[in-house]
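Inspection log for the structure reproduced underneath, given as structure tokens.
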2 protein chains.
Amino acid sequence: MKTKAIFFHAGCPVCLAAEQNVAKALDPSRFDVEVVHLGKDKSRLREAESAGVKSVPAIVMDGAAFHINFGADIEALK
Amino acid sequence: MKTKAIFFHAGCPVCLAAEQNVAKALDPSRFDVEVVHLGKDKSRLREAESAGVKSVPAIVMDGAAFHINFGADIEALK
């Protein structure tokens, strides 16, 4: 079974670079990667915060949040 | 041809989690992942800094540095 990975971003340049280089680099045979734009899809903010996301871009894998560089504080997206 | 990805870390718990979940999650058909422990292999510090690494864990792909969470400032490893 594939592991779910959720890449949270907000469309910022740092986010797009991370999406291209990290989220899209994951092994597709092992991971189902979902990309969520928190600036547009605010209904997912609570889920992101529950997973420990403090800033975007971040990727949540196996319930753990990994922040990649720094694009925007999650508070700024609310 | 595979793209080279270098995962720089320093053995910290945050580093090990990122190695397990991010570095080892990359598609092996597209990436050759090298893992470098900067605490032990100080000869690679200059290379890491040249690639823009400011803290570990970080992964350098296509010449761009992506910092994952925060384990240690690179200055602390010198």
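The chains in the structure tokens are called A, B, ... from first to last as shown; in each chain the residues are counted from 1, and the ligands are counted from 1 in the order shown.
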
If we count only C-alpha atoms, which residues of chain A reach to within 10 Å of chain B? Please list them as a short mmCIF file (atom, residue, chain, number, x, y, z; two decimals) with N, CA, C and O atoms, in the first residue's frame.
```cif
data_model
loop_
_atom_site.label_atom_id
_atom_site.label_comp_id
_atom_site.auth_asym_id
_atom_site.auth_seq_id
_atom_site.Cartn_x
_atom_site.Cartn_y
_atom_site.Cartn_z
N VAL A 14 9.16 30.09 -3.23
CA VAL A 14 9.85 29.04 -2.46
C VAL A 14 9.03 27.75 -2.47
O VAL A 14 9.56 26.65 -2.57
N ALA A 17 9.30 25.97 -5.94
CA ALA A 17 10.59 25.30 -6.10
C ALA A 17 10.61 24.01 -5.28
O ALA A 17 11.10 22.98 -5.75
N ALA A 18 10.07 24.06 -4.09
CA ALA A 18 10.04 22.87 -3.24
C ALA A 18 9.12 21.81 -3.82
O ALA A 18 9.41 20.61 -3.76
N ASN A 21 11.03 20.26 -6.76
CA ASN A 21 12.24 19.51 -6.45
C ASN A 21 12.09 18.47 -5.36
O ASN A 21 12.87 17.54 -5.31
N VAL A 22 11.14 18.64 -4.49
CA VAL A 22 11.01 17.68 -3.40
C VAL A 22 9.73 16.86 -3.56
O VAL A 22 9.79 15.63 -3.73
N ALA A 23 8.58 17.52 -3.59
CA ALA A 23 7.32 16.77 -3.65
C ALA A 23 7.27 15.89 -4.89
O ALA A 23 6.87 14.72 -4.83
N LYS A 24 7.70 16.43 -6.01
CA LYS A 24 7.63 15.65 -7.25
C LYS A 24 8.78 14.67 -7.41
O LYS A 24 8.82 13.92 -8.38
N ALA A 25 9.71 14.71 -6.46
CA ALA A 25 10.85 13.79 -6.52
C ALA A 25 10.60 12.51 -5.74
O ALA A 25 11.38 11.58 -5.80
N LEU A 26 9.49 12.48 -5.01
CA LEU A 26 9.20 11.28 -4.21
C LEU A 26 8.91 10.09 -5.12
O LEU A 26 8.39 10.25 -6.23
N ASP A 27 9.23 8.94 -4.62
CA ASP A 27 9.06 7.71 -5.38
C ASP A 27 7.55 7.43 -5.59
O ASP A 27 6.84 7.13 -4.64
N PRO A 28 7.09 7.51 -6.84
CA PRO A 28 5.65 7.31 -7.09
C PRO A 28 5.19 5.89 -6.84
O PRO A 28 3.99 5.64 -6.70
N SER A 29 6.12 4.96 -6.74
CA SER A 29 5.72 3.58 -6.45
C SER A 29 5.44 3.38 -4.97
O SER A 29 4.82 2.41 -4.56
N ARG A 30 5.89 4.33 -4.15
CA ARG A 30 5.70 4.21 -2.70
C ARG A 30 4.81 5.29 -2.10
O ARG A 30 4.29 5.13 -1.00
N PHE A 31 4.65 6.41 -2.83
CA PHE A 31 3.91 7.53 -2.26
C PHE A 31 2.84 8.07 -3.19
O PHE A 31 3.06 8.20 -4.39
N PRO A 57 6.44 26.12 2.42
CA PRO A 57 6.01 24.78 2.08
C PRO A 57 6.38 23.75 3.16
O PRO A 57 7.38 23.89 3.84
N ALA A 58 5.52 22.74 3.26
CA ALA A 58 5.78 21.64 4.18
C ALA A 58 5.18 20.38 3.59
O ALA A 58 4.23 20.43 2.82
N ILE A 59 5.77 19.26 3.96
CA ILE A 59 5.22 18.00 3.49
C ILE A 59 4.93 17.13 4.71
O ILE A 59 5.75 17.06 5.64
N VAL A 60 3.74 16.55 4.73
CA VAL A 60 3.35 15.68 5.84
C VAL A 60 3.40 14.24 5.34
O VAL A 60 2.73 13.88 4.38
N MET A 61 4.23 13.45 6.00
CA MET A 61 4.39 12.05 5.63
C MET A 61 4.32 11.22 6.89
O MET A 61 5.02 11.52 7.86
N ASP A 62 3.49 10.20 6.88
CA ASP A 62 3.37 9.33 8.05
C ASP A 62 3.03 10.13 9.30
O ASP A 62 3.53 9.84 10.39
N ALA A 64 4.00 13.02 10.18
CA ALA A 64 5.02 13.96 10.62
C ALA A 64 5.16 15.09 9.61
O ALA A 64 5.14 14.85 8.39
N ALA A 65 5.30 16.31 10.12
CA ALA A 65 5.43 17.47 9.23
C ALA A 65 6.90 17.81 9.01
O ALA A 65 7.67 17.91 9.97
N PHE A 66 7.27 17.96 7.75
CA PHE A 66 8.62 18.38 7.41
C PHE A 66 8.52 19.72 6.70
O PHE A 66 7.94 19.82 5.62
N HIS A 67 9.08 20.76 7.33
CA HIS A 67 9.06 22.10 6.75
C HIS A 67 10.24 22.24 5.82
O HIS A 67 11.37 21.89 6.19
N ILE A 68 10.00 22.74 4.64
CA ILE A 68 11.06 22.87 3.64
C ILE A 68 11.31 24.36 3.41
O ILE A 68 10.41 25.09 2.98
N ASN A 69 12.52 24.79 3.71
CA ASN A 69 12.84 26.22 3.62
C ASN A 69 11.75 27.02 4.33
O ASN A 69 11.16 26.57 5.30
N PHE A 70 11.48 28.20 3.87
CA PHE A 70 10.43 28.99 4.51
C PHE A 70 9.80 29.91 3.49
O PHE A 70 10.46 30.75 2.91
#
```

May I have chain A as a PDB file with N, CA and C atoms, in the first residue's frame, after a least-squares superposition on chain B that uses all C-alpha atoms paired in order?
```
ATOM      1  N   MET A   1      19.732   9.955 -17.385  1.00  0.00           N
ATOM      2  CA  MET A   1      20.742  10.089 -16.349  1.00  0.00           C
ATOM      3  C   MET A   1      20.085  10.513 -15.039  1.00  0.00           C
ATOM      4  N   LYS A   2      20.566   9.938 -13.959  1.00  0.00           N
ATOM      5  CA  LYS A   2      19.976  10.288 -12.674  1.00  0.00           C
ATOM      6  C   LYS A   2      20.484  11.625 -12.169  1.00  0.00           C
ATOM      7  N   THR A   3      19.633  12.279 -11.402  1.00  0.00           N
ATOM      8  CA  THR A   3      20.004  13.537 -10.773  1.00  0.00           C
ATOM      9  C   THR A   3      20.642  13.217  -9.429  1.00  0.00           C
ATOM     10  N   LYS A   4      21.696  13.932  -9.135  1.00  0.00           N
ATOM     11  CA  LYS A   4      22.371  13.748  -7.859  1.00  0.00           C
ATOM     12  C   LYS A   4      21.651  14.553  -6.787  1.00  0.00           C
ATOM     13  N   ALA A   5      21.388  13.922  -5.664  1.00  0.00           N
ATOM     14  CA  ALA A   5      20.813  14.623  -4.519  1.00  0.00           C
ATOM     15  C   ALA A   5      21.716  14.340  -3.329  1.00  0.00           C
ATOM     16  N   ILE A   6      22.119  15.396  -2.633  1.00  0.00           N
ATOM     17  CA  ILE A   6      22.984  15.206  -1.467  1.00  0.00           C
ATOM     18  C   ILE A   6      22.227  15.631  -0.219  1.00  0.00           C
ATOM     19  N   PHE A   7      22.075  14.694   0.691  1.00  0.00           N
ATOM     20  CA  PHE A   7      21.398  14.981   1.955  1.00  0.00           C
ATOM     21  C   PHE A   7      22.462  15.243   3.004  1.00  0.00           C
ATOM     22  N   PHE A   8      22.501  16.486   3.506  1.00  0.00           N
ATOM     23  CA  PHE A   8      23.471  16.863   4.537  1.00  0.00           C
ATOM     24  C   PHE A   8      22.796  16.816   5.897  1.00  0.00           C
ATOM     25  N   HIS A   9      23.451  16.177   6.847  1.00  0.00           N
ATOM     26  CA  HIS A   9      22.860  16.112   8.183  1.00  0.00           C
ATOM     27  C   HIS A   9      23.966  16.132   9.224  1.00  0.00           C
ATOM     28  N   ALA A  10      23.582  16.010  10.483  1.00  0.00           N
ATOM     29  CA  ALA A  10      24.587  16.006  11.546  1.00  0.00           C
ATOM     30  C   ALA A  10      24.223  15.000  12.628  1.00  0.00           C
ATOM     31  N   GLY A  11      23.423  14.022  12.262  1.00  0.00           N
ATOM     32  CA  GLY A  11      23.104  12.961  13.209  1.00  0.00           C
ATOM     33  C   GLY A  11      22.065  13.303  14.253  1.00  0.00           C
ATOM     34  N   CYS A  12      21.529  14.531  14.200  1.00  0.00           N
ATOM     35  CA  CYS A  12      20.531  14.934  15.182  1.00  0.00           C
ATOM     36  C   CYS A  12      19.213  14.187  14.932  1.00  0.00           C
ATOM     37  N   PRO A  13      18.360  14.090  15.963  1.00  0.00           N
ATOM     38  CA  PRO A  13      17.090  13.375  15.784  1.00  0.00           C
ATOM     39  C   PRO A  13      16.253  13.936  14.633  1.00  0.00           C
ATOM     40  N   VAL A  14      16.225  15.263  14.513  1.00  0.00           N
ATOM     41  CA  VAL A  14      15.481  15.881  13.407  1.00  0.00           C
ATOM     42  C   VAL A  14      16.076  15.444  12.065  1.00  0.00           C
ATOM     43  N   CYS A  15      17.417  15.350  12.043  1.00  0.00           N
ATOM     44  CA  CYS A  15      18.101  14.927  10.813  1.00  0.00           C
ATOM     45  C   CYS A  15      17.716  13.506  10.435  1.00  0.00           C
ATOM     46  N   LEU A  16      17.720  12.624  11.426  1.00  0.00           N
ATOM     47  CA  LEU A  16      17.447  11.217  11.139  1.00  0.00           C
ATOM     48  C   LEU A  16      16.024  11.017  10.660  1.00  0.00           C
ATOM     49  N   ALA A  17      15.085  11.753  11.242  1.00  0.00           N
ATOM     50  CA  ALA A  17      13.692  11.662  10.806  1.00  0.00           C
ATOM     51  C   ALA A  17      13.566  12.156   9.370  1.00  0.00           C
ATOM     52  N   ALA A  18      14.260  13.228   9.051  1.00  0.00           N
ATOM     53  CA  ALA A  18      14.196  13.769   7.694  1.00  0.00           C
ATOM     54  C   ALA A  18      14.856  12.817   6.700  1.00  0.00           C
ATOM     55  N   GLU A  19      15.932  12.180   7.134  1.00  0.00           N
ATOM     56  CA  GLU A  19      16.594  11.231   6.248  1.00  0.00           C
ATOM     57  C   GLU A  19      15.651  10.077   5.930  1.00  0.00           C
ATOM     58  N   GLN A  20      15.036   9.556   6.973  1.00  0.00           N
ATOM     59  CA  GLN A  20      14.141   8.411   6.801  1.00  0.00           C
ATOM     60  C   GLN A  20      12.944   8.775   5.926  1.00  0.00           C
ATOM     61  N   ASN A  21      12.366   9.955   6.179  1.00  0.00           N
ATOM     62  CA  ASN A  21      11.095  10.280   5.543  1.00  0.00           C
ATOM     63  C   ASN A  21      11.214  11.065   4.252  1.00  0.00           C
ATOM     64  N   VAL A  22      12.288  11.791   4.082  1.00  0.00           N
ATOM     65  CA  VAL A  22      12.391  12.597   2.872  1.00  0.00           C
ATOM     66  C   VAL A  22      13.488  12.050   1.955  1.00  0.00           C
ATOM     67  N   ALA A  23      14.721  11.988   2.454  1.00  0.00           N
ATOM     68  CA  ALA A  23      15.827  11.558   1.588  1.00  0.00           C
ATOM     69  C   ALA A  23      15.578  10.156   1.041  1.00  0.00           C
ATOM     70  N   LYS A  24      15.103   9.268   1.899  1.00  0.00           N
ATOM     71  CA  LYS A  24      14.884   7.890   1.445  1.00  0.00           C
ATOM     72  C   LYS A  24      13.586   7.705   0.686  1.00  0.00           C
ATOM     73  N   ALA A  25      12.800   8.770   0.606  1.00  0.00           N
ATOM     74  CA  ALA A  25      11.529   8.694  -0.116  1.00  0.00           C
ATOM     75  C   ALA A  25      11.666   9.113  -1.569  1.00  0.00           C
ATOM     76  N   LEU A  26      12.838   9.628  -1.924  1.00  0.00           N
ATOM     77  CA  LEU A  26      13.028  10.076  -3.308  1.00  0.00           C
ATOM     78  C   LEU A  26      13.007   8.888  -4.260  1.00  0.00           C
ATOM     79  N   ASP A  27      12.571   9.160  -5.444  1.00  0.00           N
ATOM     80  CA  ASP A  27      12.444   8.122  -6.467  1.00  0.00           C
ATOM     81  C   ASP A  27      13.846   7.621  -6.869  1.00  0.00           C
ATOM     82  N   PRO A  28      14.151   6.361  -6.540  1.00  0.00           N
ATOM     83  CA  PRO A  28      15.497   5.846  -6.853  1.00  0.00           C
ATOM     84  C   PRO A  28      15.750   5.690  -8.345  1.00  0.00           C
ATOM     85  N   SER A  29      14.700   5.726  -9.147  1.00  0.00           N
ATOM     86  CA  SER A  29      14.910   5.622 -10.590  1.00  0.00           C
ATOM     87  C   SER A  29      15.342   6.959 -11.182  1.00  0.00           C
ATOM     88  N   ARG A  30      15.149   8.030 -10.414  1.00  0.00           N
ATOM     89  CA  ARG A  30      15.503   9.362 -10.916  1.00  0.00           C
ATOM     90  C   ARG A  30      16.624  10.039 -10.136  1.00  0.00           C
ATOM     91  N   PHE A  31      16.865   9.571  -8.899  1.00  0.00           N
ATOM     92  CA  PHE A  31      17.844  10.257  -8.059  1.00  0.00           C
ATOM     93  C   PHE A  31      18.865   9.305  -7.452  1.00  0.00           C
ATOM     94  N   ASP A  32      20.104   9.752  -7.474  1.00  0.00           N
ATOM     95  CA  ASP A  32      21.157   9.106  -6.704  1.00  0.00           C
ATOM     96  C   ASP A  32      21.324   9.936  -5.448  1.00  0.00           C
ATOM     97  N   VAL A  33      20.983   9.366  -4.315  1.00  0.00           N
ATOM     98  CA  VAL A  33      21.031  10.122  -3.071  1.00  0.00           C
ATOM     99  C   VAL A  33      22.293   9.769  -2.287  1.00  0.00           C
ATOM    100  N   GLU A  34      23.073  10.798  -1.984  1.00  0.00           N
ATOM    101  CA  GLU A  34      24.247  10.618  -1.133  1.00  0.00           C
ATOM    102  C   GLU A  34      23.942  11.246   0.219  1.00  0.00           C
ATOM    103  N   VAL A  35      24.295  10.558   1.277  1.00  0.00           N
ATOM    104  CA  VAL A  35      24.067  11.075   2.621  1.00  0.00           C
ATOM    105  C   VAL A  35      25.407  11.476   3.224  1.00  0.00           C
ATOM    106  N   VAL A  36      25.515  12.740   3.641  1.00  0.00           N
ATOM    107  CA  VAL A  36      26.773  13.256   4.183  1.00  0.00           C
ATOM    108  C   VAL A  36      26.553  13.753   5.611  1.00  0.00           C
ATOM    109  N   HIS A  37      27.325  13.218   6.553  1.00  0.00           N
ATOM    110  CA  HIS A  37      27.257  13.630   7.958  1.00  0.00           C
ATOM    111  C   HIS A  37      28.293  14.736   8.155  1.00  0.00           C
ATOM    112  N   LEU A  38      27.812  15.974   8.215  1.00  0.00           N
ATOM    113  CA  LEU A  38      28.735  17.115   8.280  1.00  0.00           C
ATOM    114  C   LEU A  38      29.457  17.213   9.625  1.00  0.00           C
ATOM    115  N   GLY A  39      28.907  16.593  10.644  1.00  0.00           N
ATOM    116  CA  GLY A  39      29.588  16.584  11.930  1.00  0.00           C
ATOM    117  C   GLY A  39      30.838  15.720  11.869  1.00  0.00           C
ATOM    118  N   LYS A  40      30.754  14.638  11.103  1.00  0.00           N
ATOM    119  CA  LYS A  40      31.890  13.717  10.988  1.00  0.00           C
ATOM    120  C   LYS A  40      32.775  14.045   9.800  1.00  0.00           C
ATOM    121  N   ASP A  41      32.161  14.553   8.741  1.00  0.00           N
ATOM    122  CA  ASP A  41      32.911  14.791   7.506  1.00  0.00           C
ATOM    123  C   ASP A  41      33.002  16.293   7.235  1.00  0.00           C
ATOM    124  N   LYS A  42      33.828  16.947   8.025  1.00  0.00           N
ATOM    125  CA  LYS A  42      33.924  18.405   7.947  1.00  0.00           C
ATOM    126  C   LYS A  42      34.538  18.875   6.626  1.00  0.00           C
ATOM    127  N   SER A  43      35.175  17.979   5.905  1.00  0.00           N
ATOM    128  CA  SER A  43      35.760  18.357   4.620  1.00  0.00           C
ATOM    129  C   SER A  43      34.676  18.704   3.596  1.00  0.00           C
ATOM    130  N   ARG A  44      33.425  18.347   3.898  1.00  0.00           N
ATOM    131  CA  ARG A  44      32.345  18.664   2.962  1.00  0.00           C
ATOM    132  C   ARG A  44      31.624  19.953   3.319  1.00  0.00           C
ATOM    133  N   LEU A  45      32.032  20.606   4.411  1.00  0.00           N
ATOM    134  CA  LEU A  45      31.332  21.820   4.847  1.00  0.00           C
ATOM    135  C   LEU A  45      31.347  22.915   3.782  1.00  0.00           C
ATOM    136  N   ARG A  46      32.512  23.097   3.151  1.00  0.00           N
ATOM    137  CA  ARG A  46      32.615  24.162   2.158  1.00  0.00           C
ATOM    138  C   ARG A  46      31.658  23.911   0.992  1.00  0.00           C
ATOM    139  N   GLU A  47      31.592  22.666   0.571  1.00  0.00           N
ATOM    140  CA  GLU A  47      30.683  22.284  -0.520  1.00  0.00           C
ATOM    141  C   GLU A  47      29.229  22.558  -0.132  1.00  0.00           C
ATOM    142  N   ALA A  48      28.888  22.205   1.107  1.00  0.00           N
ATOM    143  CA  ALA A  48      27.515  22.430   1.570  1.00  0.00           C
ATOM    144  C   ALA A  48      27.193  23.923   1.581  1.00  0.00           C
ATOM    145  N   GLU A  49      28.115  24.707   2.110  1.00  0.00           N
ATOM    146  CA  GLU A  49      27.879  26.142   2.174  1.00  0.00           C
ATOM    147  C   GLU A  49      27.782  26.752   0.779  1.00  0.00           C
ATOM    148  N   SER A  50      28.631  26.282  -0.120  1.00  0.00           N
ATOM    149  CA  SER A  50      28.592  26.798  -1.497  1.00  0.00           C
ATOM    150  C   SER A  50      27.244  26.528  -2.152  1.00  0.00           C
ATOM    151  N   ALA A  51      26.616  25.439  -1.764  1.00  0.00           N
ATOM    152  CA  ALA A  51      25.314  25.091  -2.333  1.00  0.00           C
ATOM    153  C   ALA A  51      24.179  25.835  -1.640  1.00  0.00           C
ATOM    154  N   GLY A  52      24.529  26.630  -0.610  1.00  0.00           N
ATOM    155  CA  GLY A  52      23.496  27.417   0.049  1.00  0.00           C
ATOM    156  C   GLY A  52      22.950  26.815   1.325  1.00  0.00           C
ATOM    157  N   VAL A  53      23.587  25.758   1.805  1.00  0.00           N
ATOM    158  CA  VAL A  53      23.106  25.118   3.030  1.00  0.00           C
ATOM    159  C   VAL A  53      23.434  25.997   4.237  1.00  0.00           C
ATOM    160  N   LYS A  54      22.399  26.359   4.999  1.00  0.00           N
ATOM    161  CA  LYS A  54      22.584  27.204   6.182  1.00  0.00           C
ATOM    162  C   LYS A  54      22.380  26.409   7.464  1.00  0.00           C
ATOM    163  N   SER A  55      21.660  25.319   7.370  1.00  0.00           N
ATOM    164  CA  SER A  55      21.400  24.486   8.538  1.00  0.00           C
ATOM    165  C   SER A  55      21.170  23.065   8.049  1.00  0.00           C
ATOM    166  N   VAL A  56      21.255  22.140   8.967  1.00  0.00           N
ATOM    167  CA  VAL A  56      20.939  20.752   8.625  1.00  0.00           C
ATOM    168  C   VAL A  56      19.714  20.321   9.424  1.00  0.00           C
ATOM    169  N   PRO A  57      18.962  19.361   8.964  1.00  0.00           N
ATOM    170  CA  PRO A  57      19.123  18.663   7.698  1.00  0.00           C
ATOM    171  C   PRO A  57      18.736  19.522   6.494  1.00  0.00           C
ATOM    172  N   ALA A  58      19.422  19.250   5.389  1.00  0.00           N
ATOM    173  CA  ALA A  58      19.112  19.933   4.139  1.00  0.00           C
ATOM    174  C   ALA A  58      19.413  18.979   2.993  1.00  0.00           C
ATOM    175  N   ILE A  59      18.708  19.178   1.907  1.00  0.00           N
ATOM    176  CA  ILE A  59      18.983  18.351   0.741  1.00  0.00           C
ATOM    177  C   ILE A  59      19.274  19.284  -0.432  1.00  0.00           C
ATOM    178  N   VAL A  60      20.347  18.976  -1.148  1.00  0.00           N
ATOM    179  CA  VAL A  60      20.730  19.783  -2.304  1.00  0.00           C
ATOM    180  C   VAL A  60      20.393  18.992  -3.558  1.00  0.00           C
ATOM    181  N   MET A  61      19.529  19.579  -4.377  1.00  0.00           N
ATOM    182  CA  MET A  61      19.100  18.935  -5.611  1.00  0.00           C
ATOM    183  C   MET A  61      19.199  19.946  -6.729  1.00  0.00           C
ATOM    184  N   ASP A  62      19.846  19.567  -7.807  1.00  0.00           N
ATOM    185  CA  ASP A  62      19.970  20.473  -8.948  1.00  0.00           C
ATOM    186  C   ASP A  62      20.590  21.802  -8.535  1.00  0.00           C
ATOM    187  N   GLY A  63      21.514  21.744  -7.585  1.00  0.00           N
ATOM    188  CA  GLY A  63      22.202  22.949  -7.157  1.00  0.00           C
ATOM    189  C   GLY A  63      21.443  23.828  -6.186  1.00  0.00           C
ATOM    190  N   ALA A  64      20.215  23.455  -5.858  1.00  0.00           N
ATOM    191  CA  ALA A  64      19.422  24.260  -4.932  1.00  0.00           C
ATOM    192  C   ALA A  64      19.337  23.563  -3.576  1.00  0.00           C
ATOM    193  N   ALA A  65      19.467  24.349  -2.514  1.00  0.00           N
ATOM    194  CA  ALA A  65      19.410  23.786  -1.165  1.00  0.00           C
ATOM    195  C   ALA A  65      18.001  23.888  -0.598  1.00  0.00           C
ATOM    196  N   PHE A  66      17.510  22.772  -0.096  1.00  0.00           N
ATOM    197  CA  PHE A  66      16.207  22.759   0.568  1.00  0.00           C
ATOM    198  C   PHE A  66      16.431  22.358   2.019  1.00  0.00           C
ATOM    199  N   HIS A  67      16.128  23.294   2.928  1.00  0.00           N
ATOM    200  CA  HIS A  67      16.297  23.027   4.355  1.00  0.00           C
ATOM    201  C   HIS A  67      15.041  22.358   4.870  1.00  0.00           C
ATOM    202  N   ILE A  68      15.214  21.296   5.614  1.00  0.00           N
ATOM    203  CA  ILE A  68      14.073  20.538   6.124  1.00  0.00           C
ATOM    204  C   ILE A  68      14.039  20.701   7.641  1.00  0.00           C
ATOM    205  N   ASN A  69      12.957  21.280   8.130  1.00  0.00           N
ATOM    206  CA  ASN A  69      12.868  21.563   9.564  1.00  0.00           C
ATOM    207  C   ASN A  69      14.150  22.258  10.025  1.00  0.00           C
ATOM    208  N   PHE A  70      14.545  22.036  11.241  1.00  0.00           N
ATOM    209  CA  PHE A  70      15.788  22.660  11.703  1.00  0.00           C
ATOM    210  C   PHE A  70      16.418  21.781  12.757  1.00  0.00           C
ATOM    211  N   GLY A  71      17.610  21.303  12.466  1.00  0.00           N
ATOM    212  CA  GLY A  71      18.323  20.473  13.427  1.00  0.00           C
ATOM    213  C   GLY A  71      19.461  21.238  14.056  1.00  0.00           C
ATOM    214  N   ALA A  72      20.338  21.785  13.225  1.00  0.00           N
ATOM    215  CA  ALA A  72      21.508  22.487  13.734  1.00  0.00           C
ATOM    216  C   ALA A  72      21.972  23.515  12.721  1.00  0.00           C
ATOM    217  N   ASP A  73      22.439  24.632  13.241  1.00  0.00           N
ATOM    218  CA  ASP A  73      23.013  25.655  12.386  1.00  0.00           C
ATOM    219  C   ASP A  73      24.355  25.148  11.857  1.00  0.00           C
ATOM    220  N   ILE A  74      24.641  25.439  10.599  1.00  0.00           N
ATOM    221  CA  ILE A  74      25.875  24.920  10.021  1.00  0.00           C
ATOM    222  C   ILE A  74      27.102  25.500  10.729  1.00  0.00           C
ATOM    223  N   GLU A  75      26.955  26.687  11.289  1.00  0.00           N
ATOM    224  CA  GLU A  75      28.076  27.299  12.017  1.00  0.00           C
ATOM    225  C   GLU A  75      28.498  26.455  13.225  1.00  0.00           C
ATOM    226  N   ALA A  76      27.535  25.741  13.786  1.00  0.00           N
ATOM    227  CA  ALA A  76      27.827  24.933  14.974  1.00  0.00           C
ATOM    228  C   ALA A  76      28.597  23.662  14.635  1.00  0.00           C
ATOM    229  N   LEU A  77      28.718  23.378  13.368  1.00  0.00           N
ATOM    230  CA  LEU A  77      29.373  22.131  12.952  1.00  0.00           C
ATOM    231  C   LEU A  77      30.838  22.326  12.597  1.00  0.00           C
ATOM    232  N   LYS A  78      31.260  23.578  12.571  1.00  0.00           N
ATOM    233  CA  LYS A  78      32.635  23.850  12.139  1.00  0.00           C
ATOM    234  C   LYS A  78      33.667  23.540  13.224  1.00  0.00           C
TER     235      LYS A  78
END
```

* Asked: Mind checking DSSP for chain B and telling me the strand (DSSP E) residues as number ranges by chain?
  -> B: 3-9, 31-37, 55-61, 64-73
